[in-house]
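What's in start04.cif: mmCIF, C-alpha atoms
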```cif
data_work
#
loop_
_atom_site.label_atom_id
_atom_site.label_comp_id
_atom_site.auth_asym_id
_atom_site.auth_seq_id
_atom_site.Cartn_x
_atom_site.Cartn_y
_atom_site.Cartn_z
CA MET A 1 -23.06 -0.03 -33.53
CA ALA A 2 -20.00 -0.51 -31.34
CA GLU A 3 -20.66 -0.40 -27.63
CA GLN A 4 -18.81 2.39 -25.87
CA LYS A 5 -15.76 1.01 -24.10
CA LYS A 6 -16.04 1.74 -20.42
CA GLY A 7 -13.00 2.83 -18.45
CA LYS A 8 -12.24 1.98 -14.88
CA VAL A 9 -10.15 3.57 -12.16
CA PHE A 10 -8.06 1.80 -9.52
CA LEU A 11 -7.11 3.89 -6.49
CA VAL A 12 -3.96 2.02 -5.56
CA GLY A 13 -1.81 2.27 -2.44
CA SER A 14 1.81 1.50 -3.27
CA GLY A 15 3.06 1.23 0.31
CA PRO A 16 5.76 3.16 2.13
CA GLY A 17 8.50 3.02 -0.50
CA ASP A 18 10.15 -0.40 -0.08
CA PRO A 19 9.56 -2.06 -3.49
CA GLY A 20 8.84 -5.32 -1.64
CA LEU A 21 5.87 -3.82 0.17
CA LEU A 22 3.80 -3.42 -2.99
CA THR A 23 0.85 -5.84 -2.99
CA LEU A 24 0.31 -8.48 -5.68
CA LYS A 25 -2.95 -6.77 -6.63
CA ALA A 26 -1.31 -3.34 -6.96
CA LYS A 27 1.37 -4.85 -9.22
CA GLU A 28 -1.28 -6.48 -11.41
CA CYS A 29 -3.23 -3.21 -11.63
CA ILE A 30 -0.12 -1.36 -12.83
CA GLU A 31 0.70 -4.11 -15.36
CA LYS A 32 -2.75 -3.83 -16.93
CA ALA A 33 -3.07 -0.03 -16.82
CA ASP A 34 -3.39 2.20 -19.87
CA VAL A 35 -2.58 5.25 -17.76
CA VAL A 36 -0.71 5.56 -14.46
CA ILE A 37 -1.26 8.84 -12.62
CA TYR A 38 1.31 8.87 -9.85
CA ASP A 39 2.32 10.87 -6.81
CA TYR A 40 5.56 12.14 -5.38
CA LEU A 41 5.20 9.54 -2.61
CA ALA A 42 4.85 6.56 -4.96
CA ASN A 43 8.18 4.86 -5.70
CA VAL A 44 8.94 5.39 -9.41
CA VAL A 45 10.40 1.87 -9.75
CA PHE A 46 6.79 0.68 -9.83
CA LEU A 47 6.31 2.41 -13.19
CA ASP A 48 8.56 -0.28 -14.69
CA TYR A 49 5.71 -2.76 -14.19
CA ALA A 50 3.51 -0.77 -16.59
CA LYS A 51 3.12 -1.64 -20.27
CA LYS A 52 5.68 0.02 -22.53
CA ASN A 53 3.03 2.16 -24.20
CA ALA A 54 1.14 3.02 -21.01
CA GLU A 55 0.85 6.74 -20.35
CA ARG A 56 2.67 7.87 -17.20
CA ILE A 57 1.52 11.16 -15.67
CA TYR A 58 3.25 12.74 -12.69
CA VAL A 59 0.95 14.81 -10.49
CA GLY A 60 3.22 14.97 -7.46
CA LYS A 61 2.73 17.21 -4.52
CA GLU A 62 6.20 17.71 -3.13
CA GLY A 63 6.24 19.80 0.03
CA GLY A 64 4.65 23.12 -0.90
CA HIS A 65 5.08 22.63 -4.65
CA HIS A 66 2.04 21.16 -6.43
CA THR A 67 2.33 20.01 -10.03
CA LEU A 68 -1.47 19.89 -10.23
CA GLY A 69 -4.05 20.92 -7.65
CA GLN A 70 -6.42 18.29 -6.25
CA ASN A 71 -9.33 19.51 -8.42
CA GLU A 72 -7.21 19.18 -11.54
CA ILE A 73 -6.11 15.69 -10.49
CA ASN A 74 -9.75 14.70 -9.96
CA ARG A 75 -10.65 16.06 -13.41
CA LEU A 76 -7.72 14.25 -15.05
CA ILE A 77 -8.67 10.89 -13.53
CA VAL A 78 -12.31 11.21 -14.62
CA GLU A 79 -11.29 12.40 -18.09
CA LYS A 80 -8.96 9.47 -18.74
CA ALA A 81 -11.52 6.93 -17.51
CA THR A 82 -14.24 8.52 -19.62
CA GLU A 83 -12.02 7.95 -22.68
CA GLY A 84 -12.48 4.23 -21.90
CA LEU A 85 -9.05 3.71 -20.39
CA ARG A 86 -7.93 1.61 -17.43
CA VAL A 87 -6.52 4.18 -15.05
CA VAL A 88 -4.29 3.50 -12.06
CA ARG A 89 -4.12 6.33 -9.55
CA LEU A 90 -0.91 5.37 -7.74
CA LYS A 91 -0.39 6.78 -4.27
CA GLY A 92 2.15 6.35 -1.50
CA GLY A 93 1.04 4.28 1.51
CA ASP A 94 -2.69 3.58 1.64
CA PRO A 95 -5.13 5.65 -0.46
CA PHE A 96 -7.54 6.22 2.44
CA ILE A 97 -5.01 7.19 5.15
CA PHE A 98 -4.35 10.89 4.61
CA GLY A 99 -4.13 10.16 0.88
CA ARG A 100 -7.12 12.17 -0.33
CA GLY A 101 -8.41 8.93 -1.84
CA GLY A 102 -11.78 9.63 -0.25
CA GLU A 103 -12.13 12.83 -2.25
CA GLU A 104 -11.11 11.11 -5.48
CA ALA A 105 -13.60 8.29 -4.81
CA GLN A 106 -16.36 10.86 -4.31
CA GLU A 107 -15.54 12.49 -7.65
CA LEU A 108 -15.66 9.11 -9.38
CA VAL A 109 -19.06 8.34 -7.83
CA LYS A 110 -20.33 11.74 -8.99
CA ALA A 111 -19.04 11.14 -12.52
CA GLY A 112 -20.46 7.60 -12.62
CA VAL A 113 -17.03 6.08 -13.26
CA PRO A 114 -16.51 2.51 -11.95
CA PHE A 115 -13.61 2.19 -9.56
CA GLU A 116 -11.89 -0.07 -7.06
CA VAL A 117 -9.78 0.75 -4.04
CA VAL A 118 -6.61 -1.29 -3.52
CA PRO A 119 -5.43 -0.78 0.07
CA GLY A 120 -1.71 -0.55 0.68
CA VAL A 121 0.76 -0.90 3.54
CA THR A 122 0.68 2.43 5.34
CA SER A 123 3.92 4.16 6.35
CA ALA A 124 2.23 4.88 9.69
CA ILE A 125 2.75 1.20 10.56
CA ALA A 126 5.66 0.16 8.34
CA VAL A 127 8.09 2.95 9.22
CA PRO A 128 7.90 2.32 12.98
CA ALA A 129 8.10 -1.45 12.28
CA TYR A 130 11.32 -1.01 10.29
CA ALA A 131 12.63 1.05 13.22
CA GLY A 132 11.76 -1.85 15.58
CA ILE A 133 8.71 -0.24 17.17
CA PRO A 134 5.45 -2.22 17.45
CA LEU A 135 2.55 0.25 17.63
CA THR A 136 0.52 -2.02 19.89
CA HIS A 137 1.73 -4.45 22.54
CA ARG A 138 -0.35 -6.56 24.88
CA ASP A 139 1.64 -5.40 27.91
CA PHE A 140 1.66 -1.70 27.07
CA THR A 141 -1.09 -0.40 24.84
CA ALA A 142 -4.39 -1.43 23.28
CA THR A 143 -4.90 1.79 21.31
CA VAL A 144 -3.02 3.56 18.51
CA ALA A 145 -3.94 6.72 16.60
CA PHE A 146 -2.73 8.30 13.37
CA VAL A 147 -2.83 12.08 13.45
CA THR A 148 -2.08 14.60 10.75
CA GLY A 149 1.12 16.50 11.48
CA HIS A 150 0.29 18.85 8.67
CA GLU A 151 -2.16 21.16 10.38
CA ASP A 152 -1.20 24.79 9.97
CA PRO A 153 0.64 25.53 13.25
CA THR A 154 -0.15 29.24 13.04
CA LYS A 155 -3.91 28.63 13.22
CA ASP A 156 -5.57 30.04 16.34
CA THR A 157 -7.65 26.93 16.88
CA SER A 158 -6.70 23.33 16.22
CA ASN A 159 -9.04 20.62 14.94
CA ILE A 160 -7.03 18.17 17.01
CA ALA A 161 -8.10 17.52 20.61
CA TRP A 162 -4.53 17.55 21.91
CA ASP A 163 -5.40 17.00 25.58
CA LYS A 164 -7.56 13.97 24.78
CA ILE A 165 -5.20 12.28 22.34
CA ALA A 166 -2.20 12.92 24.60
CA THR A 167 -3.81 11.23 27.58
CA GLY A 168 -6.36 8.88 26.02
CA ILE A 169 -4.38 7.01 23.34
CA GLY A 170 -1.47 4.64 23.94
CA THR A 171 0.58 5.20 20.78
CA LEU A 172 0.46 8.33 18.61
CA VAL A 173 1.82 8.47 15.06
CA PHE A 174 2.03 11.82 13.26
CA LEU A 175 2.04 11.77 9.47
CA MET A 176 3.36 14.51 7.21
CA GLY A 177 4.82 16.19 10.26
CA VAL A 178 8.35 17.02 9.12
CA GLY A 179 7.55 20.66 8.36
CA ASN A 180 5.89 21.08 11.76
CA MET A 181 8.32 18.90 13.70
CA ALA A 182 9.51 21.70 15.99
CA VAL A 183 5.92 22.62 16.89
CA LEU A 184 4.87 19.01 17.46
CA LEU A 185 7.84 18.25 19.69
CA THR A 186 7.58 21.35 21.84
CA ARG A 187 3.80 21.32 22.18
CA ARG A 188 2.80 21.27 25.83
CA TRP A 189 1.08 17.92 26.37
CA PRO A 190 -1.48 18.79 29.01
CA SER A 191 -1.56 16.62 32.12
CA SER A 192 -0.10 13.59 30.39
CA GLY A 193 3.26 13.99 32.06
CA ARG A 194 4.71 12.30 29.04
CA GLU A 195 7.33 13.35 26.55
CA PRO A 196 7.05 12.57 22.86
CA PHE A 197 9.48 9.90 21.63
CA ARG A 198 12.36 11.65 19.90
CA GLY A 199 14.16 8.66 18.47
CA ARG A 200 17.56 7.39 19.48
CA GLU A 201 20.31 9.86 20.43
CA ARG A 202 23.15 9.82 17.95
CA MET B 1 35.16 -27.34 10.58
CA ALA B 2 31.77 -26.44 9.18
CA GLU B 3 30.37 -23.15 10.37
CA GLN B 4 27.05 -23.52 12.14
CA LYS B 5 24.21 -22.60 9.81
CA LYS B 6 22.32 -19.69 11.25
CA GLY B 7 18.56 -19.57 11.00
CA LYS B 8 16.46 -16.48 10.54
CA VAL B 9 12.88 -15.57 11.33
CA PHE B 10 10.54 -13.40 9.27
CA LEU B 11 7.54 -12.01 11.12
CA VAL B 12 5.26 -11.61 8.12
CA GLY B 13 1.91 -9.84 7.81
CA SER B 14 -0.26 -11.55 5.19
CA GLY B 15 -2.92 -8.86 4.98
CA PRO B 16 -6.66 -9.05 5.61
CA GLY B 17 -7.44 -12.22 3.63
CA ASP B 18 -7.74 -11.10 -0.02
CA PRO B 19 -4.96 -13.12 -1.73
CA GLY B 20 -4.15 -10.01 -3.80
CA LEU B 21 -3.27 -8.02 -0.72
CA LEU B 22 -0.19 -10.09 0.10
CA THR B 23 3.00 -8.07 -0.47
CA LEU B 24 5.72 -9.13 -2.91
CA LYS B 25 8.15 -9.42 -0.01
CA ALA B 26 5.80 -11.63 2.01
CA LYS B 27 5.38 -13.92 -1.02
CA GLU B 28 9.13 -14.17 -1.46
CA CYS B 29 9.61 -14.96 2.24
CA ILE B 30 7.09 -17.80 2.03
CA GLU B 31 8.70 -19.15 -1.17
CA LYS B 32 12.10 -19.35 0.51
CA ALA B 33 10.94 -20.64 3.90
CA ASP B 34 11.93 -23.99 5.40
CA VAL B 35 9.14 -23.69 7.96
CA VAL B 36 5.90 -21.70 7.88
CA ILE B 37 4.23 -21.24 11.27
CA TYR B 38 0.81 -19.85 10.51
CA ASP B 39 -2.22 -18.43 12.25
CA TYR B 40 -5.94 -18.86 11.97
CA LEU B 41 -6.13 -15.39 10.44
CA ALA B 42 -3.61 -16.05 7.66
CA ASN B 43 -5.24 -17.23 4.42
CA VAL B 44 -4.17 -20.84 3.81
CA VAL B 45 -3.88 -20.27 0.03
CA PHE B 46 -0.57 -18.56 0.83
CA LEU B 47 0.86 -21.91 1.93
CA ASP B 48 0.81 -22.94 -1.75
CA TYR B 49 3.70 -20.50 -2.33
CA ALA B 50 5.92 -22.53 0.02
CA LYS B 51 8.38 -25.18 -1.18
CA LYS B 52 6.90 -28.65 -1.47
CA ASN B 53 9.07 -29.94 1.36
CA ALA B 54 8.64 -26.90 3.61
CA GLU B 55 7.20 -27.71 7.02
CA ARG B 56 3.79 -26.14 7.65
CA ILE B 57 2.74 -25.74 11.28
CA TYR B 58 -0.68 -24.47 12.29
CA VAL B 59 -0.72 -22.59 15.59
CA GLY B 60 -4.07 -20.92 15.12
CA LYS B 61 -5.95 -19.12 17.80
CA GLU B 62 -9.56 -19.40 16.75
CA GLY B 63 -11.91 -17.57 19.08
CA GLY B 64 -11.38 -19.07 22.52
CA HIS B 65 -9.66 -22.22 21.20
CA HIS B 66 -5.87 -22.06 21.15
CA THR B 67 -3.89 -24.75 19.37
CA LEU B 68 -0.75 -23.51 21.15
CA GLY B 69 -0.38 -20.81 23.77
CA GLN B 70 1.72 -17.74 22.99
CA ASN B 71 4.66 -18.99 25.09
CA GLU B 72 4.67 -22.27 23.18
CA ILE B 73 4.53 -20.40 19.87
CA ASN B 74 7.49 -18.26 20.95
CA ARG B 75 9.45 -21.37 21.93
CA LEU B 76 8.61 -23.11 18.64
CA ILE B 77 9.80 -20.15 16.54
CA VAL B 78 13.09 -19.88 18.44
CA GLU B 79 13.61 -23.66 18.31
CA LYS B 80 13.15 -23.89 14.54
CA ALA B 81 15.46 -20.94 13.89
CA THR B 82 18.08 -22.36 16.23
CA GLU B 83 18.08 -25.51 14.08
CA GLY B 84 19.38 -23.23 11.31
CA LEU B 85 16.10 -22.98 9.41
CA ARG B 86 14.48 -20.06 7.61
CA VAL B 87 11.26 -19.57 9.51
CA VAL B 88 8.25 -17.56 8.36
CA ARG B 89 5.83 -16.63 11.12
CA LEU B 90 2.75 -15.86 9.05
CA LYS B 91 0.08 -13.67 10.59
CA GLY B 92 -3.14 -12.09 9.44
CA GLY B 93 -3.04 -8.33 8.80
CA ASP B 94 0.07 -6.61 10.11
CA PRO B 95 2.31 -8.33 12.70
CA PHE B 96 2.54 -5.23 14.91
CA ILE B 97 -1.16 -4.23 14.97
CA PHE B 98 -2.73 -6.40 17.66
CA GLY B 99 -0.77 -9.32 16.26
CA ARG B 100 1.48 -10.07 19.25
CA GLY B 101 4.41 -9.61 16.88
CA GLY B 102 6.02 -7.32 19.44
CA GLU B 103 6.16 -10.14 21.97
CA GLU B 104 7.59 -12.57 19.40
CA ALA B 105 10.22 -10.00 18.38
CA GLN B 106 11.22 -9.59 22.04
CA GLU B 107 11.68 -13.35 22.41
CA LEU B 108 13.85 -13.43 19.28
CA VAL B 109 16.01 -10.60 20.61
CA LYS B 110 16.39 -12.45 23.92
CA ALA B 111 17.34 -15.67 22.12
CA GLY B 112 19.79 -13.86 19.82
CA VAL B 113 17.95 -15.02 16.70
CA PRO B 114 18.18 -12.70 13.68
CA PHE B 115 14.79 -11.60 12.37
CA GLU B 116 12.99 -9.21 10.06
CA VAL B 117 9.52 -7.74 10.24
CA VAL B 118 7.49 -7.63 7.01
CA PRO B 119 4.59 -5.22 7.52
CA GLY B 120 1.27 -6.12 5.94
CA VAL B 121 -1.98 -4.46 4.92
CA THR B 122 -4.03 -4.22 8.10
CA SER B 123 -7.69 -5.23 8.13
CA ALA B 124 -8.30 -2.07 10.19
CA ILE B 125 -7.82 -0.07 6.98
CA ALA B 126 -8.64 -2.59 4.24
CA VAL B 127 -11.99 -3.81 5.53
CA PRO B 128 -13.51 -0.32 5.78
CA ALA B 129 -11.94 0.51 2.38
CA TYR B 130 -13.64 -2.50 0.76
CA ALA B 131 -16.88 -1.31 2.37
CA GLY B 132 -16.36 2.13 0.80
CA ILE B 133 -15.31 3.95 3.98
CA PRO B 134 -12.18 6.13 3.99
CA LEU B 135 -10.88 6.36 7.57
CA THR B 136 -9.60 9.88 7.06
CA HIS B 137 -11.01 12.64 4.89
CA ARG B 138 -9.79 16.20 4.57
CA ASP B 139 -13.29 17.59 5.11
CA PHE B 140 -14.22 15.42 8.06
CA THR B 141 -11.40 14.01 10.15
CA ALA B 142 -7.67 14.28 10.65
CA THR B 143 -7.42 11.52 13.27
CA VAL B 144 -8.13 7.80 13.31
CA ALA B 145 -7.59 5.26 16.09
CA PHE B 146 -7.48 1.47 16.24
CA VAL B 147 -8.79 0.07 19.50
CA THR B 148 -8.95 -3.48 20.78
CA GLY B 149 -12.51 -4.75 20.90
CA HIS B 150 -11.28 -7.76 22.79
CA GLU B 151 -11.03 -6.34 26.29
CA ASP B 152 -12.90 -8.46 28.80
CA PRO B 153 -16.25 -6.62 29.12
CA THR B 154 -16.85 -7.97 32.62
CA LYS B 155 -13.76 -6.24 34.01
CA ASP B 156 -14.50 -3.57 36.61
CA THR B 157 -12.04 -1.13 35.10
CA SER B 158 -11.17 -0.62 31.45
CA ASN B 159 -7.72 0.20 30.10
CA ILE B 160 -9.46 2.19 27.41
CA ALA B 161 -10.20 5.88 28.03
CA TRP B 162 -13.68 5.67 26.52
CA ASP B 163 -14.62 9.32 27.17
CA LYS B 164 -11.46 10.62 25.53
CA ILE B 165 -11.47 8.36 22.47
CA ALA B 166 -15.19 8.94 21.93
CA THR B 167 -14.82 12.71 21.84
CA GLY B 168 -11.18 13.22 20.85
CA ILE B 169 -10.72 10.98 17.80
CA GLY B 170 -12.44 11.38 14.43
CA THR B 171 -12.70 7.76 13.31
CA LEU B 172 -12.63 4.73 15.62
CA VAL B 173 -11.97 1.19 14.41
CA PHE B 174 -12.45 -1.73 16.81
CA LEU B 175 -10.54 -4.92 16.07
CA MET B 176 -11.41 -8.40 17.34
CA GLY B 177 -14.70 -6.98 18.57
CA VAL B 178 -17.20 -9.55 17.30
CA GLY B 179 -17.50 -11.36 20.63
CA ASN B 180 -18.04 -8.05 22.45
CA MET B 181 -20.16 -6.41 19.73
CA ALA B 182 -23.24 -6.01 21.90
CA VAL B 183 -21.22 -4.33 24.65
CA LEU B 184 -19.38 -2.03 22.21
CA LEU B 185 -22.56 -0.92 20.48
CA THR B 186 -24.55 -0.21 23.63
CA ARG B 187 -21.74 1.44 25.55
CA ARG B 188 -22.77 4.91 26.65
CA TRP B 189 -20.49 7.28 24.79
CA PRO B 190 -20.14 10.13 27.24
CA SER B 191 -20.84 13.64 25.97
CA SER B 192 -20.02 12.83 22.36
CA GLY B 193 -23.66 12.85 21.30
CA ARG B 194 -22.65 10.40 18.64
CA GLU B 195 -23.86 6.96 17.76
CA PRO B 196 -21.52 4.23 16.58
CA PHE B 197 -21.84 3.35 12.88
CA ARG B 198 -23.89 0.17 12.62
CA GLY B 199 -23.51 -0.52 8.93
CA ARG B 200 -26.25 -0.46 6.34
CA GLU B 201 -29.74 -1.70 7.21
CA ARG B 202 -30.63 -4.86 5.34
#
```
Serialized structure, structure tokens:
Amino acid sequence: MAEQKKGKVFLVGSGPGDPGLLTLKAKECIEKADVVIYDYLANVVFLDYAKKNAERIYVGKEGGHHTLGQNEINRLIVEKATEGLRVVRLKGGDPFIFGRGGEEAQELVKAGVPFEVVPGVTSAIAVPAYAGIPLTHRDFTATVAFVTGHEDPTKDTSNIAWDKIATGIGTLVFLMGVGNMAVLLTRRWPSSGREPFRGRER
Amino acid sequence: MAEQKKGKVFLVGSGPGDPGLLTLKAKECIEKADVVIYDYLANVVFLDYAKKNAERIYVGKEGGHHTLGQNEINRLIVEKATEGLRVVRLKGGDPFIFGRGGEEAQELVKAGVPFEVVPGVTSAIAVPAYAGIPLTHRDFTATVAFVTGHEDPTKDTSNIAWDKIATGIGTLVFLMGVGNMAVLLTRRWPSSGREPFRGRER
């Protein structure tokens, strides 16, 4: 009797978009994959590393428009792995920094599907670096925080302790904050006496 | 008259140690380098990517023991680039996360030496990921901070706002904290009512 072929899932961070910032391990995972399930934030040039006959499935969440909801994505990943396939779940940045990789990992544990996490270069670090901004510096700050910029600004209460992060952390990086930019920039930063960095004047 | 050959410096993050977590761009930089100036925290297997005749200079800072001080490292980088060489400054993790890359970049600006920063996978994210810990999770936390664990514990005053980071940030990651582990773990975390994660019992 043939043994059942066991699939495996790789939760892969593809970095911030620069094709050079993919890791060697991520490239190898894509090359060996039977299925690549990829996000809006993953650079599509990476799909060229996949085998010709590998299945490529787009599950992008672009702004408000979701191709598939998170539950459907979880189901799809488990389903493909259960068919015995090598599945790459390709994400922008790092899978565990605001990437919902934690939720996908939990689903894989529940379903008994073997998986590996392949960390990636996060845009939270790389984007400031490409703009010439070190997030830490011995002379200026010994703390840096990444904060979601995606919290619903119309909510009455915030899960973010604005007063503490404004005054207690040296460098703050907001991710997914474009939609809420106006709110983030005009927020009153209590007792910090500091203005958010607005980038260079043009 | 021959134009003077202009050197260039690449401040390269080599990731947390797993050879697979080097980026494609970092690998290419090493392959093309005339000189690789590398740290204790950079995995030495990466030196095999360098040209046979490339100069390899160890400037490691291992615990308290410094091969070269930071000022000497800065001078060395500038000197090699000024000779017209392609210099890779190879660091563990990411150059701008507690890597003193900011200081080296400043020296290069001062000296008028062209340079690029190549972000890397930071151990602050990859090490917890390999241990199965997502630093953010939609159901649990929307903030994560990296904090130096290297501050002199005998100092009277701390530059770290312990009360605010303990109660205002969801996930805290301490880097370079092994020497101060006992202090970090027994620190009284004011009003958070929370205990630091101590890892699995053995």
Can you list, as an MDAnalysis selection string, every protein, DNA or RNA residue that comes within 8 Å of Lys6 of chain A when you count all atoms listed in the file, leaving out same-chain residues fewer than 6 positions away?
chainID A and resid 81:85
On this file, the PyMOL selection byres ((chain B) within 7 of (chain A)) gives some set of residues; write that set as JSON, numbers by chain.
{"B": [20, 21, 22, 23, 24, 25, 96, 97, 98, 100, 102, 117, 119, 120, 121, 126, 129, 130, 134, 135, 136, 137, 138, 142, 143, 144, 145, 146, 147, 148, 161, 164, 165, 168]}
Might you pull out every residue within 9 Å of segment 31-46 of chain B, with all atoms listed in the file counted and same-chain residues fewer than 6 positions away left off, and present them as JSON, numbers by chain?
{"B": [13, 14, 15, 16, 17, 18, 19, 22, 53, 54, 55, 56, 57, 58, 59, 60, 61, 62, 73, 76, 77, 80, 85, 86, 87, 88, 89, 90, 91, 92, 93]}
Between atom CA of Ala124 of chain B and atom CA of Leu175 of chain B lies a distance of 6.9 Å
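Note that atom CA of His66 of chain B and atom CA of Thr186 of chain B are 28.9 Å apart.
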Take atom CA of Tyr49 of chain B and atom CA of Ile30 of chain B and report the distance between them in Å, one decimal.
6.1 Å
Using only C-alpha atoms, which of A:Thr67, A:Asn180, A:Asn74, A:Ser158 sits nearest Lys110 of chain A?
A:Asn74
Could you spell out the hits of the PyMOL selection byres ((chain A and resi 112) around 12) on the shown file, as a count of residues only?
18
